[in-house]
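Listing of coords-v3.cif; format and content: mmCIF, C-alpha atoms.
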data_data
#
loop_
_atom_site.label_atom_id
_atom_site.label_comp_id
_atom_site.auth_asym_id
_atom_site.auth_seq_id
_atom_site.Cartn_x
_atom_site.Cartn_y
_atom_site.Cartn_z
CA MET T 28 -9.22 3.32 -13.36
CA SER T 29 -6.22 1.51 -14.75
CA ASN T 30 -6.08 -2.23 -15.34
CA VAL T 31 -2.40 -2.26 -14.44
CA LYS T 32 -1.75 -4.36 -11.40
CA SER T 33 1.38 -4.17 -9.35
CA ASN T 34 2.76 -5.19 -6.03
CA ILE T 35 4.50 -3.02 -3.52
CA LEU T 36 7.43 -5.02 -2.22
CA ARG T 37 9.40 -4.18 0.86
CA CYS T 38 12.76 -5.35 1.98
CA GLU T 39 12.92 -6.00 5.71
CA LEU T 40 16.13 -3.95 5.74
CA ASN T 41 13.84 -0.96 5.21
CA LEU T 42 12.97 -1.24 8.90
CA VAL T 43 16.59 -0.45 9.78
CA GLU T 44 16.60 2.62 7.55
CA LEU T 45 13.18 3.74 8.80
CA SER T 46 14.39 3.38 12.38
CA HIS T 47 17.48 5.48 11.68
CA VAL T 48 15.58 8.26 9.90
CA LEU T 49 12.78 8.36 12.46
CA GLU T 50 15.13 8.47 15.44
CA LYS T 51 17.16 11.25 13.83
CA GLU T 52 14.04 13.33 13.13
CA LEU T 53 12.64 12.85 16.63
CA TYR T 54 16.05 13.73 18.07
CA ASN T 55 16.18 16.96 16.03
CA ILE T 56 12.64 17.86 17.15
CA PHE T 57 13.61 17.19 20.77
CA LEU T 58 16.67 19.42 20.48
CA ALA T 59 14.69 22.24 18.85
CA GLU T 60 11.80 22.09 21.33
CA ASN T 61 14.21 22.17 24.28
CA THR T 62 16.64 24.68 22.74
CA LEU T 63 19.49 22.20 23.10
CA THR T 64 22.46 21.42 20.90
CA PRO T 65 23.90 18.03 19.97
CA ASP T 66 26.88 18.89 22.17
CA GLU T 67 24.57 19.27 25.16
CA VAL T 68 22.60 16.09 24.47
CA PRO T 69 24.37 13.73 22.08
CA LEU T 70 22.21 11.22 20.20
CA LYS T 71 23.37 8.32 22.37
CA ASP T 72 22.34 10.24 25.50
CA PHE T 73 18.97 11.01 23.91
CA ARG T 74 18.55 7.31 23.20
CA HIS T 75 19.52 6.15 26.70
CA ASN T 76 18.54 8.91 29.10
CA TYR T 77 15.10 10.07 27.96
CA PRO T 78 12.72 7.13 28.44
CA ASP T 79 9.58 9.06 27.42
CA GLU T 80 11.23 10.08 24.16
CA ARG T 81 12.39 6.51 23.61
CA ASP T 82 8.86 5.22 24.20
CA ASN T 83 7.57 7.77 21.68
CA PHE T 84 10.16 6.62 19.15
CA VAL T 85 9.23 2.96 19.60
CA ASP T 86 5.50 3.77 19.25
CA GLU T 87 6.11 5.79 16.08
CA LEU T 88 8.37 3.10 14.62
CA CYS T 89 5.86 0.32 15.28
CA MET T 90 2.96 2.35 13.89
CA SER T 91 4.93 3.33 10.78
CA TRP T 92 6.17 -0.20 10.14
CA ASP T 93 2.68 -1.64 10.59
CA SER T 94 1.41 0.84 7.99
CA ILE T 95 4.14 -0.21 5.57
CA LYS T 96 3.42 -3.89 6.16
CA ASP T 97 -0.30 -3.30 5.51
CA ILE T 98 0.34 -2.08 1.96
CA SER T 99 3.32 -4.20 0.94
CA LYS T 100 4.60 -7.71 0.59
CA SER T 101 7.89 -8.83 2.10
CA CYS T 102 10.63 -9.76 -0.31
CA ASP T 103 13.20 -11.92 1.39
CA VAL T 104 16.83 -10.92 1.12
CA LEU T 105 19.73 -13.30 1.20
CA ILE T 106 22.99 -11.45 1.51
CA ASP T 107 25.64 -13.82 0.28
CA GLU T 108 28.83 -13.61 -1.75
CA SER T 109 26.95 -13.05 -5.01
CA VAL T 110 25.27 -9.98 -3.49
CA SER T 111 28.63 -8.71 -2.28
CA LYS T 112 30.03 -9.05 -5.79
CA ALA T 113 27.00 -7.21 -7.24
CA ILE T 114 27.44 -4.43 -4.68
CA ILE T 115 31.11 -3.99 -5.52
CA LYS T 116 30.34 -3.93 -9.27
CA GLU T 117 27.46 -1.46 -8.90
CA THR T 118 29.53 0.83 -6.66
CA LEU T 119 31.57 1.66 -9.75
CA ASN T 120 28.43 2.71 -11.66
CA SER T 121 26.30 4.63 -9.16
CA TYR T 122 26.28 6.82 -6.09
CA LEU T 123 24.22 4.53 -3.87
CA ASP T 124 25.11 3.75 -0.28
CA GLY T 125 25.45 0.20 1.03
CA TYR T 126 21.80 -0.37 1.91
CA ASP T 127 20.63 1.10 -1.38
CA LEU T 128 22.99 -1.20 -3.27
CA ILE T 129 21.35 -4.16 -1.54
CA TYR T 130 17.92 -2.81 -2.55
CA LEU T 131 19.09 -2.35 -6.13
CA ASP T 132 20.39 -5.93 -6.28
CA LEU T 133 17.06 -7.15 -4.91
CA LEU T 134 15.19 -4.97 -7.40
CA ARG T 135 17.16 -6.44 -10.29
CA LYS T 136 16.31 -9.97 -9.09
CA THR T 137 12.58 -9.45 -8.44
CA ASP T 138 11.17 -6.66 -10.60
CA ARG T 139 10.95 -7.13 -14.36
CA THR T 140 10.17 -3.46 -14.88
CA LEU T 141 12.96 -2.18 -12.62
CA SER T 142 10.86 0.49 -10.90
CA ILE T 143 11.22 1.85 -7.41
CA LEU T 144 9.16 4.20 -5.26
CA THR T 145 11.57 6.24 -3.15
CA ASP T 146 12.45 9.71 -1.96
CA ASP T 147 16.16 8.83 -2.12
CA ARG T 148 17.66 10.95 -4.88
CA ASP T 149 20.66 8.64 -5.19
CA PHE T 150 18.47 6.19 -7.12
CA ALA T 151 18.19 8.82 -9.85
CA THR T 152 21.85 8.05 -10.64
CA VAL T 153 20.99 4.51 -11.75
CA PRO T 154 20.40 4.67 -15.51
CA ASP T 155 18.25 1.60 -16.12
CA ILE T 156 15.53 1.97 -13.49
CA THR T 157 12.35 4.01 -13.27
CA VAL T 158 12.10 6.11 -10.12
CA PHE T 159 8.71 7.13 -8.77
CA THR T 160 9.20 9.99 -6.34
CA ALA T 161 7.82 13.14 -4.81
CA ASN T 162 11.34 14.43 -4.09
CA ASN T 163 11.43 17.85 -5.75
CA LYS T 164 15.21 17.77 -6.21
CA VAL T 165 14.94 14.56 -8.22
CA ILE T 166 11.98 15.90 -10.20
CA ASP T 167 13.79 19.16 -11.02
CA ALA T 168 16.93 17.31 -12.09
CA ALA T 169 14.88 14.99 -14.33
CA LYS T 170 13.17 18.01 -15.91
CA LYS T 171 16.52 19.63 -16.70
CA LYS T 172 17.73 16.44 -18.39
CA ASN T 173 14.41 15.98 -20.22
CA LEU T 174 13.90 12.64 -18.45
CA LEU T 175 10.72 13.46 -16.57
CA ILE T 176 7.71 11.31 -17.32
CA THR T 177 4.43 12.30 -15.71
CA ARG T 178 1.44 10.02 -15.36
#

Please express the file's structure as structure tokens.
Amino acid sequence: MSNVKSNILRCELNLVELSHVLEKELYNIFLAENTLTPDEVPLKDFRHNYPDERDNFVDELCMSWDSIKDISKSCDVLIDESVSKAIIKETLNSYLDGYDLIYLDLLRKTDRTLSILTDDRDFATVPDITVFTANNKVIDAAKKKNLLITR
């Protein structure tokens, strides 16, 4: 057993991203199970017109978020002008989306080791952080560039 101690931090914005991903996945499952297309049942209709599916989504979201909260500590985020400036600057140097740029700014302010656990392959474009992942595309790309470290 290692003597290394670390904290798993979460940004409350992760709830927004989790909600988006979970709803999209449940929507795709619903379409597949009912042999429907997005043209037949657009996402907004799925959200508003299928109360049982919505209840399932809310249950899954709450259960997932509770699990995340059980293993992590909240790291407060203040999005002010300094964060906006950091986002604009980092946009020139990486391929992260808006939420990920906020996470990166938070990471730079709170984590001395600059490490992140994520399945988002965009973080692999940031040169000065360590990415812990199970995303095979990221792992394969790191192998090809001789950047893979296994523990």

Interatomic distance (Å, one decimal) between CA of Ala161 in chain T and CA of Ala59 in chain T: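 Distance between the two atoms: 26.3 Å.
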
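Straight-line separation from CA of Pro65 in chain T to CA of Asp86 in chain T: 23.3 Å.
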
Who sits within 9 Å of Leu133 in chain T, only C-alpha atoms, same chain under 5 positions skipped, as a PyMOL selection string: chain T and resi 38+102-104+110+128+138

Output of the PyMOL selection byres ((chain T and resi 85) around 12), listed as a ChimeraX atom specification: /T:45-47,49-50,53,74,78-84,86-92

One-decimal distance in Å that lies between CA of Glu108 in chain T and CA of Gly125 in chain T: 14.5 Å

Resolved residues for the PyMOL selection byres ((chain T and resi 146) around 12) as JSON, numbers by chain: {"T": [127, 143, 144, 145, 147, 148, 149, 150, 151, 158, 159, 160, 161, 162, 163, 164, 165, 166]}

Go ahead and write the selection's residues with C-alpha atoms as a PDB file, in the coordinates of the input.
ATOM      1  CA  ASP T 127      20.630   1.100  -1.380  1.00  0.00           C
ATOM      2  CA  ILE T 143      11.220   1.850  -7.410  1.00  0.00           C
ATOM      3  CA  LEU T 144       9.160   4.200  -5.260  1.00  0.00           C
ATOM      4  CA  THR T 145      11.570   6.240  -3.150  1.00  0.00           C
ATOM      5  CA  ASP T 147      16.160   8.830  -2.120  1.00  0.00           C
ATOM      6  CA  ARG T 148      17.660  10.950  -4.880  1.00  0.00           C
ATOM      7  CA  ASP T 149      20.660   8.640  -5.190  1.00  0.00           C
ATOM      8  CA  PHE T 150      18.470   6.190  -7.120  1.00  0.00           C
ATOM      9  CA  ALA T 151      18.190   8.820  -9.850  1.00  0.00           C
ATOM     10  CA  VAL T 158      12.100   6.110 -10.120  1.00  0.00           C
ATOM     11  CA  PHE T 159       8.710   7.130  -8.770  1.00  0.00           C
ATOM     12  CA  THR T 160       9.200   9.990  -6.340  1.00  0.00           C
ATOM     13  CA  ALA T 161       7.820  13.140  -4.810  1.00  0.00           C
ATOM     14  CA  ASN T 162      11.340  14.430  -4.090  1.00  0.00           C
ATOM     15  CA  ASN T 163      11.430  17.850  -5.750  1.00  0.00           C
ATOM     16  CA  LYS T 164      15.210  17.770  -6.210  1.00  0.00           C
ATOM     17  CA  VAL T 165      14.940  14.560  -8.220  1.00  0.00           C
ATOM     18  CA  ILE T 166      11.980  15.900 -10.200  1.00  0.00           C
TER      19      ILE T 166
END

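Between Pro154 in chain T and the candidates T:Ser121, T:Tyr126, T:Lys170, T:Leu175, the tightest atom-to-atom separation, counting only C-alpha atoms, involves T:Ser121.
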
Please list as a PDB file with C-alpha atoms, in the coordinates of the input every residue within 12 Å of Lys136 in chain T, counting all atoms listed in the file and excluding residues in the same chain fewer than 4 positions away.
ATOM      1  CA  CYS T 102      10.630  -9.760  -0.310  1.00  0.00           C
ATOM      2  CA  ASP T 103      13.200 -11.920   1.390  1.00  0.00           C
ATOM      3  CA  VAL T 104      16.830 -10.920   1.120  1.00  0.00           C
ATOM      4  CA  LEU T 105      19.730 -13.300   1.200  1.00  0.00           C
ATOM      5  CA  SER T 109      26.950 -13.050  -5.010  1.00  0.00           C
ATOM      6  CA  VAL T 110      25.270  -9.980  -3.490  1.00  0.00           C
ATOM      7  CA  ALA T 113      27.000  -7.210  -7.240  1.00  0.00           C
ATOM      8  CA  ILE T 129      21.350  -4.160  -1.540  1.00  0.00           C
ATOM      9  CA  TYR T 130      17.920  -2.810  -2.550  1.00  0.00           C
ATOM     10  CA  LEU T 131      19.090  -2.350  -6.130  1.00  0.00           C
ATOM     11  CA  ASP T 132      20.390  -5.930  -6.280  1.00  0.00           C
ATOM     12  CA  THR T 140      10.170  -3.460 -14.880  1.00  0.00           C
ATOM     13  CA  LEU T 141      12.960  -2.180 -12.620  1.00  0.00           C
ATOM     14  CA  SER T 142      10.860   0.490 -10.900  1.00  0.00           C
TER      15      SER T 142
END

Name all residues at most 9 Å from Ser99 in chain T (count only C-alpha atoms; drop same-chain ones fewer than 2 positions away) and give them as a PDB file with C-alpha atoms, in the frame of the given file.
ATOM      1  CA  ASN T  34       2.760  -5.190  -6.030  1.00  0.00           C
ATOM      2  CA  ILE T  35       4.500  -3.020  -3.520  1.00  0.00           C
ATOM      3  CA  LEU T  36       7.430  -5.020  -2.220  1.00  0.00           C
ATOM      4  CA  ARG T  37       9.400  -4.180   0.860  1.00  0.00           C
ATOM      5  CA  SER T  94       1.410   0.840   7.990  1.00  0.00           C
ATOM      6  CA  ILE T  95       4.140  -0.210   5.570  1.00  0.00           C
ATOM      7  CA  LYS T  96       3.420  -3.890   6.160  1.00  0.00           C
ATOM      8  CA  ASP T  97      -0.300  -3.300   5.510  1.00  0.00           C
ATOM      9  CA  SER T 101       7.890  -8.830   2.100  1.00  0.00           C
TER      10      SER T 101
END

Residue nearest Ile106 in chain T among T:Leu174, T:Leu123, T:Leu40, T:Val48 (counting all atoms listed in the file):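 Smallest distance to Ile106 in chain T is found for T:Leu40.
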
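Each of T:Thr152, T:Asn55, T:Thr157, T:Thr177 was checked against Leu134 in chain T using all atoms listed in the file; the smallest atom-to-atom distance is that of T:Thr157.
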
Would you mind completing range 58-88 of chain T so that it carries N, CA and C atoms, and writing it out as a PDB file, in the frame of the given file?
ATOM      1  N   LEU T  58      15.681  18.363  20.276  1.00  0.00           N
ATOM      2  CA  LEU T  58      16.670  19.420  20.480  1.00  0.00           C
ATOM      3  C   LEU T  58      16.054  20.798  20.250  1.00  0.00           C
ATOM      4  N   ALA T  59      15.295  20.950  19.182  1.00  0.00           N
ATOM      5  CA  ALA T  59      14.690  22.240  18.850  1.00  0.00           C
ATOM      6  C   ALA T  59      13.677  22.671  19.916  1.00  0.00           C
ATOM      7  N   GLU T  60      12.826  21.756  20.344  1.00  0.00           N
ATOM      8  CA  GLU T  60      11.800  22.090  21.330  1.00  0.00           C
ATOM      9  C   GLU T  60      12.396  22.458  22.682  1.00  0.00           C
ATOM     10  N   ASN T  61      13.572  21.927  22.985  1.00  0.00           N
ATOM     11  CA  ASN T  61      14.210  22.170  24.280  1.00  0.00           C
ATOM     12  C   ASN T  61      15.402  23.116  24.180  1.00  0.00           C
ATOM     13  N   THR T  62      15.526  23.771  23.038  1.00  0.00           N
ATOM     14  CA  THR T  62      16.640  24.680  22.740  1.00  0.00           C
ATOM     15  C   THR T  62      17.985  24.106  23.229  1.00  0.00           C
ATOM     16  N   LEU T  63      18.245  22.901  22.765  1.00  0.00           N
ATOM     17  CA  LEU T  63      19.490  22.200  23.100  1.00  0.00           C
ATOM     18  C   LEU T  63      20.299  21.990  21.829  1.00  0.00           C
ATOM     19  N   THR T  64      21.581  21.724  22.026  1.00  0.00           N
ATOM     20  CA  THR T  64      22.460  21.420  20.900  1.00  0.00           C
ATOM     21  C   THR T  64      22.896  19.955  21.004  1.00  0.00           C
ATOM     22  N   PRO T  65      23.383  19.397  19.912  1.00  0.00           N
ATOM     23  CA  PRO T  65      23.900  18.030  19.970  1.00  0.00           C
ATOM     24  C   PRO T  65      25.067  17.870  20.940  1.00  0.00           C
ATOM     25  N   ASP T  66      25.798  18.959  21.181  1.00  0.00           N
ATOM     26  CA  ASP T  66      26.880  18.890  22.170  1.00  0.00           C
ATOM     27  C   ASP T  66      26.320  18.733  23.581  1.00  0.00           C
ATOM     28  N   GLU T  67      25.180  19.351  23.827  1.00  0.00           N
ATOM     29  CA  GLU T  67      24.570  19.270  25.160  1.00  0.00           C
ATOM     30  C   GLU T  67      23.903  17.915  25.400  1.00  0.00           C
ATOM     31  N   VAL T  68      23.246  17.403  24.370  1.00  0.00           N
ATOM     32  CA  VAL T  68      22.600  16.090  24.470  1.00  0.00           C
ATOM     33  C   VAL T  68      22.942  15.312  23.198  1.00  0.00           C
ATOM     34  N   PRO T  69      24.031  14.552  23.242  1.00  0.00           N
ATOM     35  CA  PRO T  69      24.370  13.730  22.080  1.00  0.00           C
ATOM     36  C   PRO T  69      23.281  12.676  21.806  1.00  0.00           C
ATOM     37  N   LEU T  70      23.231  12.194  20.590  1.00  0.00           N
ATOM     38  CA  LEU T  70      22.210  11.220  20.200  1.00  0.00           C
ATOM     39  C   LEU T  70      22.190  10.007  21.119  1.00  0.00           C
ATOM     40  N   LYS T  71      23.334   9.499  21.477  1.00  0.00           N
ATOM     41  CA  LYS T  71      23.370   8.320  22.370  1.00  0.00           C
ATOM     42  C   LYS T  71      22.752   8.641  23.724  1.00  0.00           C
ATOM     43  N   ASP T  72      22.973   9.847  24.236  1.00  0.00           N
ATOM     44  CA  ASP T  72      22.340  10.240  25.500  1.00  0.00           C
ATOM     45  C   ASP T  72      20.832  10.356  25.336  1.00  0.00           C
ATOM     46  N   PHE T  73      20.400  10.919  24.218  1.00  0.00           N
ATOM     47  CA  PHE T  73      18.970  11.010  23.910  1.00  0.00           C
ATOM     48  C   PHE T  73      18.359   9.611  23.923  1.00  0.00           C
ATOM     49  N   ARG T  74      19.035   8.679  23.302  1.00  0.00           N
ATOM     50  CA  ARG T  74      18.550   7.310  23.200  1.00  0.00           C
ATOM     51  C   ARG T  74      18.462   6.626  24.562  1.00  0.00           C
ATOM     52  N   HIS T  75      19.430   6.887  25.438  1.00  0.00           N
ATOM     53  CA  HIS T  75      19.520   6.150  26.700  1.00  0.00           C
ATOM     54  C   HIS T  75      18.917   6.852  27.909  1.00  0.00           C
ATOM     55  N   ASN T  76      18.870   8.174  27.881  1.00  0.00           N
ATOM     56  CA  ASN T  76      18.540   8.910  29.100  1.00  0.00           C
ATOM     57  C   ASN T  76      17.183   9.615  29.088  1.00  0.00           C
ATOM     58  N   TYR T  77      16.405   9.426  28.050  1.00  0.00           N
ATOM     59  CA  TYR T  77      15.100  10.070  27.960  1.00  0.00           C
ATOM     60  C   TYR T  77      14.039   9.009  27.634  1.00  0.00           C
ATOM     61  N   PRO T  78      13.615   8.268  28.676  1.00  0.00           N
ATOM     62  CA  PRO T  78      12.720   7.130  28.440  1.00  0.00           C
ATOM     63  C   PRO T  78      11.387   7.502  27.775  1.00  0.00           C
ATOM     64  N   ASP T  79      10.840   8.664  28.080  1.00  0.00           N
ATOM     65  CA  ASP T  79       9.580   9.060  27.420  1.00  0.00           C
ATOM     66  C   ASP T  79       9.791   9.272  25.929  1.00  0.00           C
ATOM     67  N   GLU T  80      10.910   9.871  25.567  1.00  0.00           N
ATOM     68  CA  GLU T  80      11.230  10.080  24.160  1.00  0.00           C
ATOM     69  C   GLU T  80      11.475   8.742  23.463  1.00  0.00           C
ATOM     70  N   ARG T  81      12.126   7.840  24.180  1.00  0.00           N
ATOM     71  CA  ARG T  81      12.390   6.510  23.610  1.00  0.00           C
ATOM     72  C   ARG T  81      11.070   5.757  23.379  1.00  0.00           C
ATOM     73  N   ASP T  82      10.172   5.853  24.354  1.00  0.00           N
ATOM     74  CA  ASP T  82       8.860   5.220  24.200  1.00  0.00           C
ATOM     75  C   ASP T  82       8.111   5.794  22.997  1.00  0.00           C
ATOM     76  N   ASN T  83       8.190   7.119  22.823  1.00  0.00           N
ATOM     77  CA  ASN T  83       7.570   7.770  21.680  1.00  0.00           C
ATOM     78  C   ASN T  83       8.167   7.263  20.374  1.00  0.00           C
ATOM     79  N   PHE T  84       9.485   7.143  20.336  1.00  0.00           N
ATOM     80  CA  PHE T  84      10.160   6.620  19.150  1.00  0.00           C
ATOM     81  C   PHE T  84       9.686   5.209  18.821  1.00  0.00           C
ATOM     82  N   VAL T  85       9.649   4.346  19.824  1.00  0.00           N
ATOM     83  CA  VAL T  85       9.230   2.960  19.600  1.00  0.00           C
ATOM     84  C   VAL T  85       7.788   2.912  19.100  1.00  0.00           C
ATOM     85  N   ASP T  86       6.908   3.709  19.699  1.00  0.00           N
ATOM     86  CA  ASP T  86       5.500   3.770  19.250  1.00  0.00           C
ATOM     87  C   ASP T  86       5.414   4.211  17.790  1.00  0.00           C
ATOM     88  N   GLU T  87       6.138   5.274  17.453  1.00  0.00           N
ATOM     89  CA  GLU T  87       6.110   5.790  16.080  1.00  0.00           C
ATOM     90  C   GLU T  87       6.680   4.762  15.094  1.00  0.00           C
ATOM     91  N   LEU T  88       7.756   4.101  15.490  1.00  0.00           N
ATOM     92  CA  LEU T  88       8.370   3.100  14.620  1.00  0.00           C
ATOM     93  C   LEU T  88       7.403   1.941  14.373  1.00  0.00           C
TER      94      LEU T  88
END
